[in-house]
file protein16.cif (mmCIF, C-alpha atoms)
data_work
loop_
_atom_site.group_PDB
_atom_site.id
_atom_site.type_symbol
_atom_site.label_atom_id
_atom_site.label_comp_id
_atom_site.auth_asym_id
_atom_site.auth_seq_id
_atom_site.Cartn_x
_atom_site.Cartn_y
_atom_site.Cartn_z
ATOM 1 C CA MET U 149 166.414 102.868 222.783
ATOM 2 C CA VAL U 150 165.062 100.609 220.005
ATOM 3 C CA SER U 151 163.446 97.388 221.165
ATOM 4 C CA SER U 152 164.123 94.071 219.459
ATOM 5 C CA ASP U 153 160.542 93.998 218.111
ATOM 6 C CA GLN U 154 160.920 97.465 216.657
ATOM 7 C CA ARG U 155 164.206 96.452 215.102
ATOM 8 C CA ARG U 156 162.648 93.352 213.516
ATOM 9 C CA ARG U 157 159.812 95.442 212.093
ATOM 10 C CA GLN U 158 162.290 97.947 210.737
ATOM 11 C CA LEU U 159 164.342 95.214 209.054
ATOM 12 C CA ALA U 160 161.192 93.659 207.598
ATOM 13 C CA ARG U 161 160.087 97.025 206.227
ATOM 14 C CA GLU U 162 163.498 97.697 204.709
ATOM 15 C CA LYS U 163 163.509 94.252 203.102
ATOM 16 C CA PHE U 164 160.078 94.882 201.604
ATOM 17 C CA GLU U 165 161.198 98.252 200.264
ATOM 18 C CA ARG U 166 164.231 96.625 198.649
ATOM 19 C CA GLN U 167 161.989 94.047 197.001
ATOM 20 C CA GLN U 168 159.695 96.747 195.644
ATOM 21 C CA GLN U 169 162.652 98.752 194.366
ATOM 22 C CA ARG U 170 164.079 95.714 192.578
ATOM 23 C CA ARG U 171 160.739 94.964 190.942
ATOM 24 C CA GLU U 172 160.382 98.548 189.760
ATOM 25 C CA GLU U 173 163.937 98.583 188.424
ATOM 26 C CA ALA U 174 163.216 95.377 186.527
ATOM 27 C CA ARG U 175 160.059 96.875 185.015
ATOM 28 C CA ARG U 176 161.924 100.002 183.938
ATOM 29 C CA ARG U 177 164.687 97.966 182.343
ATOM 30 C CA THR U 178 162.131 95.855 180.498
ATOM 31 C CA ARG U 179 160.414 98.936 179.101
ATOM 32 C CA ARG U 180 163.725 100.548 178.217
ATOM 33 C CA LEU U 181 165.199 97.593 176.370
ATOM 34 C CA THR U 182 161.955 96.850 174.461
ATOM 35 C CA VAL U 183 163.517 93.626 173.261
ATOM 36 C CA ILE U 184 162.658 90.553 175.292
ATOM 37 C CA ILE U 185 164.081 87.168 174.497
ATOM 38 C CA ALA U 186 160.983 85.056 174.917
ATOM 39 C CA SER U 187 162.886 81.966 175.864
ATOM 40 C CA ALA U 188 164.818 83.822 178.530
ATOM 41 C CA VAL U 189 161.651 84.641 180.425
ATOM 42 C CA ALA U 190 161.023 80.968 181.010
ATOM 43 C CA VAL U 191 164.517 80.252 182.179
ATOM 44 C CA VAL U 192 165.060 79.889 185.890
ATOM 45 C CA ALA U 193 168.693 78.980 185.834
ATOM 46 C CA VAL U 194 171.782 81.119 185.971
ATOM 47 C CA ILE U 195 172.328 83.189 182.870
ATOM 48 C CA GLY U 196 175.962 83.421 183.481
ATOM 49 C CA GLY U 197 174.882 83.266 186.967
ATOM 50 C CA VAL U 198 171.222 83.153 186.022
ATOM 51 C CA THR U 199 168.679 84.170 183.451
ATOM 52 C CA TYR U 200 167.103 86.067 186.287
ATOM 53 C CA PHE U 201 168.949 88.549 188.461
ATOM 54 C CA ALA U 202 169.679 86.886 191.777
ATOM 55 C CA THR U 203 168.691 89.175 194.640
ATOM 56 C CA GLY U 204 170.800 87.732 197.415
ATOM 57 C CA ASP U 205 167.697 87.461 199.623
ATOM 58 C CA ASP U 206 165.588 84.399 200.226
ATOM 59 C CA ASP U 207 162.330 86.130 199.382
ATOM 60 C CA GLY U 208 161.549 83.689 196.593
ATOM 61 C CA LYS U 209 161.788 83.025 192.906
ATOM 62 C CA LYS U 210 159.311 85.708 191.907
ATOM 63 C CA ASP U 211 161.780 88.560 192.422
ATOM 64 C CA LYS U 212 164.286 86.668 190.310
ATOM 65 C CA THR U 213 161.790 85.948 187.564
ATOM 66 C CA ASP U 214 160.657 89.594 187.469
ATOM 67 C CA ALA U 215 164.092 90.612 186.228
ATOM 68 C CA ALA U 216 164.509 87.808 183.701
ATOM 69 C CA ALA U 217 163.362 89.819 180.733
ATOM 70 C CA SER U 218 165.997 92.492 181.206
ATOM 71 C CA ALA U 219 168.977 90.145 181.260
ATOM 72 C CA SER U 220 169.703 89.860 177.564
ATOM 73 C CA PRO U 221 172.519 91.398 175.513
ATOM 74 C CA SER U 222 170.137 93.069 173.090
ATOM 75 C CA ALA U 223 170.769 95.821 170.615
ATOM 76 C CA SER U 224 168.067 98.073 169.153
ATOM 77 C CA ALA U 225 164.467 96.891 169.112
ATOM 78 C CA SER U 226 164.507 96.367 165.368
ATOM 79 C CA PRO U 227 166.788 97.190 162.449
ATOM 80 C CA SER U 228 166.125 100.562 160.886
ATOM 81 C CA ALA U 229 164.923 100.747 157.299
ATOM 82 C CA SER U 230 168.474 101.435 156.111
ATOM 83 C CA GLU U 231 169.842 98.506 158.089
ATOM 84 C CA LYS U 232 167.306 96.202 156.463
ATOM 85 C CA SER U 233 168.173 97.330 152.938
ATOM 86 C CA ALA U 234 171.890 98.091 153.054
ATOM 87 C CA PRO U 235 174.097 95.142 152.049
ATOM 88 C CA GLU U 236 176.808 93.806 154.319
ATOM 89 C CA PRO U 237 180.419 94.449 153.193
ATOM 90 C CA ALA U 238 181.763 92.418 150.294
ATOM 91 C CA MET U 239 183.725 89.361 151.454
ATOM 92 C CA LYS U 240 187.425 90.283 151.385
ATOM 93 C CA ILE U 241 188.987 88.247 154.177
ATOM 94 C CA ASP U 242 190.738 84.912 153.955
ATOM 95 C CA LYS U 243 188.104 82.457 155.146
ATOM 96 C CA LYS U 244 190.776 79.980 156.221
ATOM 97 C CA ALA U 245 192.644 82.446 158.422
ATOM 98 C CA LYS U 246 192.358 83.678 161.979
ATOM 99 C CA TYR U 247 192.239 87.366 162.776
ATOM 100 C CA THR U 248 192.889 89.413 165.880
ATOM 101 C CA LEU U 249 190.734 92.395 166.757
ATOM 102 C CA SER U 250 192.616 94.799 169.036
ATOM 103 C CA LEU U 251 190.872 97.546 170.974
ATOM 104 C CA LYS U 252 192.871 100.326 172.581
ATOM 105 C CA THR U 253 190.870 101.574 175.557
ATOM 106 C CA ASN U 254 191.416 103.774 178.586
ATOM 107 C CA GLN U 255 191.035 100.634 180.748
ATOM 108 C CA GLY U 256 193.789 98.733 178.955
ATOM 109 C CA ASP U 257 194.143 96.950 175.644
ATOM 110 C CA ILE U 258 191.490 94.344 174.849
ATOM 111 C CA ALA U 259 192.168 91.820 172.101
ATOM 112 C CA PHE U 260 190.404 88.722 170.862
ATOM 113 C CA THR U 261 190.916 86.143 168.138
ATOM 114 C CA MET U 262 188.335 85.499 165.414
ATOM 115 C CA ASP U 263 188.258 82.273 163.399
ATOM 116 C CA ALA U 264 187.102 83.225 159.912
ATOM 117 C CA ALA U 265 186.472 79.589 159.016
ATOM 118 C CA LYS U 266 183.697 79.456 161.635
ATOM 119 C CA THR U 267 182.350 83.009 161.409
ATOM 120 C CA PRO U 268 183.330 84.440 158.006
ATOM 121 C CA HIS U 269 180.545 87.036 157.798
ATOM 122 C CA THR U 270 181.198 88.307 161.302
ATOM 123 C CA ALA U 271 184.973 88.446 160.925
ATOM 124 C CA ASN U 272 184.685 90.142 157.541
ATOM 125 C CA SER U 273 182.247 92.718 158.900
ATOM 126 C CA PHE U 274 184.463 93.557 161.869
ATOM 127 C CA LYS U 275 187.527 93.967 159.674
ATOM 128 C CA SER U 276 185.620 96.215 157.296
ATOM 129 C CA LEU U 277 184.289 98.352 160.156
ATOM 130 C CA ALA U 278 187.639 98.547 161.951
ATOM 131 C CA ASP U 279 189.439 99.515 158.728
ATOM 132 C CA LYS U 280 187.002 102.421 158.373
ATOM 133 C CA GLY U 281 187.537 103.577 161.956
ATOM 134 C CA PHE U 282 183.929 102.762 162.856
ATOM 135 C CA PHE U 283 184.735 101.800 166.462
ATOM 136 C CA ASP U 284 187.226 104.611 167.086
ATOM 137 C CA GLY U 285 185.898 107.088 169.633
ATOM 138 C CA THR U 286 183.046 104.843 170.793
ATOM 139 C CA LYS U 287 182.405 103.478 174.272
ATOM 140 C CA CYS U 288 181.260 100.251 175.863
ATOM 141 C CA HIS U 289 177.817 101.393 176.901
ATOM 142 C CA ARG U 290 176.480 98.524 179.004
ATOM 143 C CA LEU U 291 177.659 96.310 181.839
ATOM 144 C CA THR U 292 175.717 93.556 183.582
ATOM 145 C CA THR U 293 176.901 92.247 186.939
ATOM 146 C CA ASP U 294 174.117 89.930 188.086
ATOM 147 C CA GLY U 295 172.404 87.198 186.091
ATOM 148 C CA ILE U 296 174.674 87.562 183.083
ATOM 149 C CA PHE U 297 178.186 88.959 183.203
ATOM 150 C CA VAL U 298 178.994 90.887 180.053
ATOM 151 C CA LEU U 299 180.382 94.196 178.847
ATOM 152 C CA GLN U 300 178.620 95.369 175.696
ATOM 153 C CA CYS U 301 180.336 97.570 173.109
ATOM 154 C CA GLY U 302 180.209 98.522 169.443
ATOM 155 C CA ASP U 303 177.386 101.060 169.398
ATOM 156 C CA PRO U 304 178.309 104.354 167.688
ATOM 157 C CA LYS U 305 175.399 106.057 169.471
ATOM 158 C CA GLY U 306 176.450 104.790 172.886
ATOM 159 C CA ASN U 307 172.905 103.965 174.002
ATOM 160 C CA GLY U 308 172.265 100.464 172.646
ATOM 161 C CA THR U 309 170.353 101.504 169.525
ATOM 162 C CA GLY U 310 173.133 102.139 167.013
ATOM 163 C CA GLY U 311 174.523 100.003 164.240
ATOM 164 C CA PRO U 312 176.514 100.021 160.995
ATOM 165 C CA GLY U 313 173.563 100.402 158.612
ATOM 166 C CA TYR U 314 173.331 96.703 157.742
ATOM 167 C CA THR U 315 172.868 93.335 159.437
ATOM 168 C CA ILE U 316 174.821 90.092 159.186
ATOM 169 C CA PRO U 317 173.673 86.473 159.463
ATOM 170 C CA ASP U 318 173.990 84.437 162.643
ATOM 171 C CA GLU U 319 176.910 81.993 162.618
ATOM 172 C CA ASN U 320 178.469 79.267 164.736
ATOM 173 C CA LEU U 321 175.407 78.950 166.980
ATOM 174 C CA THR U 322 176.030 75.268 167.743
ATOM 175 C CA ALA U 323 179.612 75.835 168.879
ATOM 176 C CA LEU U 324 178.758 75.928 172.569
ATOM 177 C CA GLY U 325 176.772 72.719 172.581
ATOM 178 C CA LYS U 326 173.147 71.736 172.781
ATOM 179 C CA ALA U 327 170.834 73.851 174.897
ATOM 180 C CA GLY U 328 169.794 72.350 178.213
ATOM 181 C CA LYS U 329 166.260 71.970 179.516
ATOM 182 C CA ASP U 330 166.308 75.627 180.498
ATOM 183 C CA GLY U 331 166.954 76.627 176.876
ATOM 184 C CA THR U 332 170.443 77.975 177.522
ATOM 185 C CA VAL U 333 174.082 77.140 176.929
ATOM 186 C CA THR U 334 177.106 78.437 178.788
ATOM 187 C CA TYR U 335 179.031 81.248 177.161
ATOM 188 C CA PRO U 336 182.403 80.781 178.918
ATOM 189 C CA ALA U 337 184.387 83.658 180.360
ATOM 190 C CA GLY U 338 186.554 85.090 177.604
ATOM 191 C CA THR U 339 183.935 84.582 174.879
ATOM 192 C CA VAL U 340 183.073 87.448 172.542
ATOM 193 C CA ALA U 341 179.653 87.247 170.900
ATOM 194 C CA MET U 342 177.291 89.336 168.818
ATOM 195 C CA ALA U 343 174.415 91.235 170.353
ATOM 196 C CA ASN U 344 171.169 91.216 168.394
ATOM 197 C CA THR U 345 167.573 92.411 168.573
ATOM 198 C CA GLY U 346 166.195 89.092 169.758
ATOM 199 C CA GLN U 347 165.400 88.088 166.192
ATOM 200 C CA ALA U 348 167.487 85.879 163.914
ATOM 201 C CA HIS U 349 170.138 87.457 161.693
ATOM 202 C CA THR U 350 169.940 90.949 163.206
ATOM 203 C CA GLY U 351 173.539 91.369 164.332
ATOM 204 C CA GLY U 352 175.211 94.631 163.375
ATOM 205 C CA SER U 353 178.205 96.139 165.137
ATOM 206 C CA GLN U 354 177.309 95.600 168.799
ATOM 207 C CA PHE U 355 179.093 92.791 170.615
ATOM 208 C CA PHE U 356 179.575 91.656 174.179
ATOM 209 C CA LEU U 357 182.587 90.481 176.145
ATOM 210 C CA VAL U 358 181.843 87.717 178.654
ATOM 211 C CA TYR U 359 183.942 88.146 181.801
ATOM 212 C CA LYS U 360 182.314 85.344 183.827
ATOM 213 C CA ASP U 361 180.573 82.165 182.652
ATOM 214 C CA SER U 362 177.075 83.203 181.552
ATOM 215 C CA LYS U 363 174.096 81.114 180.539
ATOM 216 C CA LEU U 364 172.185 82.453 177.555
ATOM 217 C CA PRO U 365 170.007 81.071 174.778
ATOM 218 C CA PRO U 366 172.272 79.897 171.907
ATOM 219 C CA THR U 367 171.117 82.738 169.664
ATOM 220 C CA TYR U 368 174.168 84.997 169.897
ATOM 221 C CA THR U 369 176.996 84.342 167.432
ATOM 222 C CA PRO U 370 180.139 83.421 169.424
ATOM 223 C CA PHE U 371 182.924 84.698 167.206
ATOM 224 C CA GLY U 372 185.923 85.538 169.359
ATOM 225 C CA THR U 373 188.036 84.576 172.356
ATOM 226 C CA MET U 374 189.866 87.083 174.544
ATOM 227 C CA ASP U 375 193.422 86.509 175.661
ATOM 228 C CA GLU U 376 194.184 86.308 179.387
ATOM 229 C CA ALA U 377 195.295 89.917 179.788
ATOM 230 C CA SER U 378 192.192 91.185 177.994
ATOM 231 C CA LEU U 379 189.888 89.079 180.149
ATOM 232 C CA LYS U 380 191.506 90.509 183.277
ATOM 233 C CA ALA U 381 190.938 94.040 181.981
ATOM 234 C CA VAL U 382 187.246 93.338 181.433
ATOM 235 C CA GLU U 383 186.968 91.573 184.793
ATOM 236 C CA ALA U 384 188.277 94.736 186.471
ATOM 237 C CA VAL U 385 185.529 96.760 184.785
ATOM 238 C CA GLY U 386 182.960 94.224 185.945
ATOM 239 C CA LYS U 387 184.299 94.272 189.498
ATOM 240 C CA ALA U 388 183.958 98.063 189.664
ATOM 241 C CA GLY U 389 180.252 97.677 188.956
ATOM 242 C CA VAL U 390 177.550 99.746 187.316
ATOM 243 C CA THR U 391 177.050 103.472 187.715
ATOM 244 C CA GLY U 392 174.540 104.100 190.470
ATOM 245 C CA GLY U 393 174.919 100.642 191.959
ATOM 246 C CA ALA U 394 172.435 98.880 189.660
ATOM 247 C CA ALA U 395 173.116 95.486 188.110
ATOM 248 C CA ASP U 396 172.630 96.608 184.515
ATOM 249 C CA GLY U 397 173.707 99.902 183.014
ATOM 250 C CA ALA U 398 176.686 102.054 182.166
ATOM 251 C CA PRO U 399 179.911 100.752 183.702
ATOM 252 C CA LYS U 400 181.265 102.772 186.609
ATOM 253 C CA LYS U 401 184.683 102.449 185.009
ATOM 254 C CA ALA U 402 183.907 104.042 181.661
ATOM 255 C CA VAL U 403 185.444 102.106 178.769
ATOM 256 C CA ASN U 404 186.318 104.365 175.845
ATOM 257 C CA ILE U 405 187.709 102.845 172.647
ATOM 258 C CA SER U 406 190.265 105.109 171.000
ATOM 259 C CA LYS U 407 191.330 102.712 168.241
ATOM 260 C CA ALA U 408 190.245 99.356 166.818
ATOM 261 C CA ALA U 409 192.256 97.294 164.347
ATOM 262 C CA VAL U 410 191.880 93.853 162.779
ATOM 263 C CA ASP U 411 194.902 91.950 161.506
ATOM 264 C CA LYS U 412 195.676 88.377 160.596
ATOM 265 C CA ALA U 413 196.661 86.425 163.683
#
call {"tool": "encode", "arguments": {"input": "protein16.cif", "output": "structure tokens"}}
result
Amino acid sequence: MVSSDQRRRQLAREKFERQQQRREEARRRTRRLTVIIASAVAVVAVIGGVTYFATGDDDGKKDKTDAAASASPSASASPSASEKSAPEPAMKIDKKAKYTLSLKTNQGDIAFTMDAAKTPHTANSFKSLADKGFFDGTKCHRLTTDGIFVLQCGDPKGNGTGGPGYTIPDENLTALGKAGKDGTVTYPAGTVAMANTGQAHTGGSQFFLVYKDSKLPPTYTPFGTMDEASLKAVEAVGKAGVTGGAADGAPKKAVNISKAAVDKA
């Protein structure tokens, strides 16, 4: 028979062990990602939820701050030598038009509209890559379910370090308004934006789909908007969670892209 005092001690010990596990997971993620958005570390507001990962416990802000550095939609730590030297595709799109990027996946079709007038370099790059079949046979390698709420795709390597061999300039960074005191703006659910290395003008092919309002520094090019059906498909992936029960990692519902196409809307 367990006494009430023993039970309280057991609960306290389990809570402490959870705290230690969360801190260690945050440290591992920080080392793994290598890229830290400096401004995100200082943010103590929700990064879609929050720039930190909320723990659900009341054991203080420190646990939440520990995980801040890992909550960014980053790509590789730095562009490779070829990515720095290779030119982006020649401009071939109609800069006054809107385009739709359609992804056929095993979790349902995902489509979003791109406004070339606002993000010509990004739209042109995605059309060029899609026309070459660059995204075909790739997967969405990363899901975050606490702090920020995004599904990240577009990496041919499937581990967050791949790219197309070139970088494109940041665009449309003021579209979501002026950053608040915490240094963030809200990326609304349904937004599609470019991942980067944490440095300016380092976008490549990786992008993230926001399935729940997420607060982030305004340093990620917002270039697309999902339709309602597509948002629901991504929400279902988010609801299923991350493999292993973490808050950041490969989605439990694997998202494999069989075909990507870009056409005028």
call {"tool": "resolve_selection", "arguments": {"input": "protein16.cif", "expression": "the PyMOL selection byres ((chain U and resi 383-392) around 9)", "output": "list of chain:residue names"}}
result
U:Gln255, U:Arg290, U:Leu291, U:Thr292, U:Thr293, U:Phe297, U:Val298, U:Leu299, U:Val358, U:Tyr359, U:Lys360, U:Ser378, U:Leu379, U:Lys380, U:Ala381, U:Val382, U:Gly393, U:Ala394, U:Ala395, U:Asp396, U:Gly397, U:Ala398, U:Pro399, U:Lys400, U:Lys401, U:Ala402, U:Val403
call {"tool": "atom_distance", "arguments": {"input": "protein16.cif", "atom1": "CA of Asn254 (chain U)", "atom2": "CA of Asn404 (chain U)"}}
result
5.8 Å
call {"tool": "atom_distance", "arguments": {"input": "protein16.cif", "atom1": "CA of Ile258 (chain U)", "atom2": "CA of Ile296 (chain U)"}}
result
19.9 Å
call {"tool": "atom_distance", "arguments": {"input": "protein16.cif", "atom1": "CA of Met342 (chain U)", "atom2": "CA of Asp257 (chain U)"}}
result
19.7 Å
call {"tool": "residues_near_point", "arguments": {"input": "protein16.cif", "point": "(191.4, 91.7, 162.1)", "cutoff": "8 Å", "atoms": "all atoms listed in the file", "output": "PDB file with C-alpha atoms, in the coordinates of the input"}}
result
ATOM      1  CA  TYR U 247     192.239  87.366 162.776  1.00  0.00           C
ATOM      2  CA  THR U 248     192.889  89.413 165.880  1.00  0.00           C
ATOM      3  CA  LEU U 249     190.734  92.395 166.757  1.00  0.00           C
ATOM      4  CA  SER U 250     192.616  94.799 169.036  1.00  0.00           C
ATOM      5  CA  MET U 262     188.335  85.499 165.414  1.00  0.00           C
ATOM      6  CA  ALA U 271     184.973  88.446 160.925  1.00  0.00           C
ATOM      7  CA  PHE U 274     184.463  93.557 161.869  1.00  0.00           C
ATOM      8  CA  LYS U 275     187.527  93.967 159.674  1.00  0.00           C
ATOM      9  CA  ALA U 278     187.639  98.547 161.951  1.00  0.00           C
ATOM     10  CA  ALA U 409     192.256  97.294 164.347  1.00  0.00           C
ATOM     11  CA  VAL U 410     191.880  93.853 162.779  1.00  0.00           C
ATOM     12  CA  ASP U 411     194.902  91.950 161.506  1.00  0.00           C
ATOM     13  CA  LYS U 412     195.676  88.377 160.596  1.00  0.00           C
ATOM     14  CA  ALA U 413     196.661  86.425 163.683  1.00  0.00           C
TER      15      ALA U 413
END
call {"tool": "closest_residue", "arguments": {"input": "protein16.cif", "among": "U:Met239, U:Gly306, U:Phe282, U:Val333", "to": "Leu321 (chain U)", "atoms": "all atoms listed in the file"}}
result
U:Val333
call {"tool": "residues_around", "arguments": {"input": "protein16.cif", "residues": "Pro237 (chain U)", "least_positions_apart": "5", "cutoff": "10 Å", "atoms": "only C-alpha atoms", "output": "PyMOL selection string"}}
result
chain U and resi 269+272-277+314-316
call {"tool": "axis_aligned_box", "arguments": {"input": "protein16.cif", "around": "region 254-272 of chain U", "padding_each_side": "8 Å", "output": "JSON"}}
result
{"center_x": 187.3, "center_y": 91.6, "center_z": 169.1, "size_x": 29.6, "size_y": 40.3, "size_z": 39.2}
call {"tool": "closest_residue", "arguments": {"input": "protein16.cif", "among": "U:Ala265, U:Ala238, U:Ala327, U:Val340", "to": "Leu357 (chain U)", "atoms": "all atoms listed in the file"}}
result
U:Val340
call {"tool": "closest_residue", "arguments": {"input": "protein16.cif", "among": "U:Pro336, U:Pro312, U:Gly256, U:Gly295", "to": "Lys280 (chain U)", "atoms": "all atoms listed in the file"}}
result
U:Pro312
call {"tool": "closest_residue", "arguments": {"input": "protein16.cif", "among": "U:Asp318, U:Asp263, U:Asp279, U:Asp242", "to": "Ala408 (chain U)", "atoms": "only C-alpha atoms"}}
result
U:Asp279
